[in-house]
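coords-v2.cif, holding mmCIF, C-alpha atoms:
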data_entry
loop_
_atom_site.label_atom_id
_atom_site.label_comp_id
_atom_site.auth_asym_id
_atom_site.auth_seq_id
_atom_site.Cartn_x
_atom_site.Cartn_y
_atom_site.Cartn_z
CA MET A 184 -24.25 94.76 13.16
CA TYR A 185 -22.90 94.65 16.71
CA LYS A 186 -23.85 92.07 19.28
CA SER A 187 -26.01 94.07 21.67
CA LEU A 188 -23.74 93.51 24.67
CA ASN A 189 -20.89 95.36 22.93
CA SER A 190 -22.93 97.80 20.87
CA PRO A 191 -22.35 101.54 21.16
CA LYS A 192 -25.98 102.00 22.23
CA ASN A 193 -25.63 99.48 25.05
CA LYS A 194 -22.43 101.16 26.22
CA LEU A 195 -24.24 104.51 26.20
CA LEU A 196 -27.13 103.07 28.20
CA LEU A 197 -24.77 101.49 30.74
CA ALA A 198 -22.89 104.76 31.13
CA TRP A 199 -26.22 106.50 31.78
CA LEU A 200 -27.20 103.91 34.40
CA LYS A 201 -23.81 104.23 36.09
CA GLN A 202 -24.12 108.03 36.09
CA GLN A 203 -27.59 107.81 37.64
CA ARG A 204 -26.18 105.64 40.42
CA ALA A 205 -23.28 108.02 40.99
CA ASN A 206 -25.58 111.07 40.97
CA GLN A 207 -27.48 109.56 43.87
CA GLY A 208 -24.32 108.78 45.80
CA LEU A 209 -25.08 105.05 45.72
CA THR A 210 -22.28 102.53 45.79
CA MET A 211 -22.56 99.38 43.73
CA ARG A 212 -23.17 97.50 46.99
CA ALA A 213 -25.98 99.87 48.01
CA LEU A 214 -27.69 99.52 44.63
CA ALA A 215 -27.27 95.75 44.73
CA LYS A 216 -28.93 95.71 48.15
CA LYS A 217 -31.91 97.66 46.75
CA LEU A 218 -32.08 95.15 43.89
CA GLU A 219 -31.71 92.22 46.29
CA MET A 220 -28.83 90.96 44.16
CA PRO A 221 -25.16 90.30 44.88
CA HIS A 222 -22.94 93.34 44.37
CA SER A 223 -21.15 91.51 41.58
CA PHE A 224 -24.38 91.77 39.55
CA VAL A 225 -24.16 95.57 39.47
CA GLY A 226 -20.45 95.43 38.69
CA LYS A 227 -20.95 93.06 35.79
CA VAL A 228 -23.78 95.18 34.39
CA GLU A 229 -21.78 98.40 34.62
CA GLN A 230 -18.70 96.78 33.07
CA GLY A 231 -20.75 95.42 30.18
CA GLU A 232 -20.11 91.81 31.16
CA ARG A 233 -23.79 91.08 31.77
CA ARG A 234 -26.80 92.07 29.73
CA LEU A 235 -30.03 93.32 31.31
CA ASP A 236 -33.25 91.99 29.84
CA VAL A 237 -36.22 94.34 29.62
CA VAL A 238 -37.72 93.37 32.98
CA GLU A 239 -34.33 93.63 34.71
CA TYR A 240 -33.73 97.03 33.10
CA ILE A 241 -37.03 98.33 34.47
CA GLN A 242 -36.26 96.94 37.93
CA TYR A 243 -32.78 98.51 37.78
CA CYS A 244 -34.32 101.88 36.88
CA GLU A 245 -36.91 101.55 39.64
CA ALA A 246 -34.15 100.88 42.17
CA LEU A 247 -32.41 104.03 40.91
CA GLU A 248 -35.72 105.90 40.97
CA VAL A 249 -35.35 107.01 37.36
CA ALA A 250 -37.81 106.58 34.52
CA PRO A 251 -36.80 103.73 32.18
CA GLU A 252 -38.09 105.85 29.30
CA LYS A 253 -35.25 108.33 29.84
CA GLY A 254 -32.61 105.71 29.13
CA ILE A 255 -34.51 104.49 26.09
CA ALA A 256 -34.79 108.07 24.82
CA ILE A 257 -31.03 108.53 25.13
CA ILE A 258 -30.24 105.57 22.93
CA THR A 259 -33.00 106.23 20.39
CA GLN A 260 -32.07 109.91 20.02
CA GLN A 261 -28.46 108.94 19.31
CA THR A 262 -29.46 107.73 15.85
CA GLN A 263 -31.68 110.69 15.00
#

Just give me the structure as structure tokens.
Amino acid sequence: MYKSLNSPKNKLLLAWLKQQRANQGLTMRALAKKLEMPHSFVGKVEQGERRLDVVEYIQYCEALEVAPEKGIAIITQQTQ
């Protein structure tokens, strides 16, 4: 079993979050401003250095204006 921070599913989810940010043309700084967090927060999340808890994940998705369920579906469908 992988630690969740380094698991393939977490990496897939982080890649999806990063892609959502890029699709919207948001920089890490712009997303961090929407989250009211330092830009290093977004960088650490995207690099897999920091884990998002459930509440933070939902807030991150809300800032990106994407449904959190979509990210969950991506990682749950990977195993099916």

Answer key for the PyMOL selection byres ((chain A and resi 247) around 10), residues as a ChimeraX atom specification: /A:200-201,203-207,209,214,217-218,241-246,248-251

Contacts of stretch 225-239 of chain A within 7 Å, only C-alpha atoms, excl. fewer than 6 positions in-chain, as an NGL selection string: :A and (188 or 197 or 201 or 211 or 215)

Contact residues around A:Ile257 with all atoms listed in the file at 12 Å, ignoring same-chain residues under 3 positions, as a ChimeraX atom specification: /A:191-200,250-254,260-263

Computed interatomic separation between atom CA of A:Lys216 and atom CA of A:Ser187 (Å):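 Atom CA of A:Lys216 sits 26.7 Å away from atom CA of A:Ser187.
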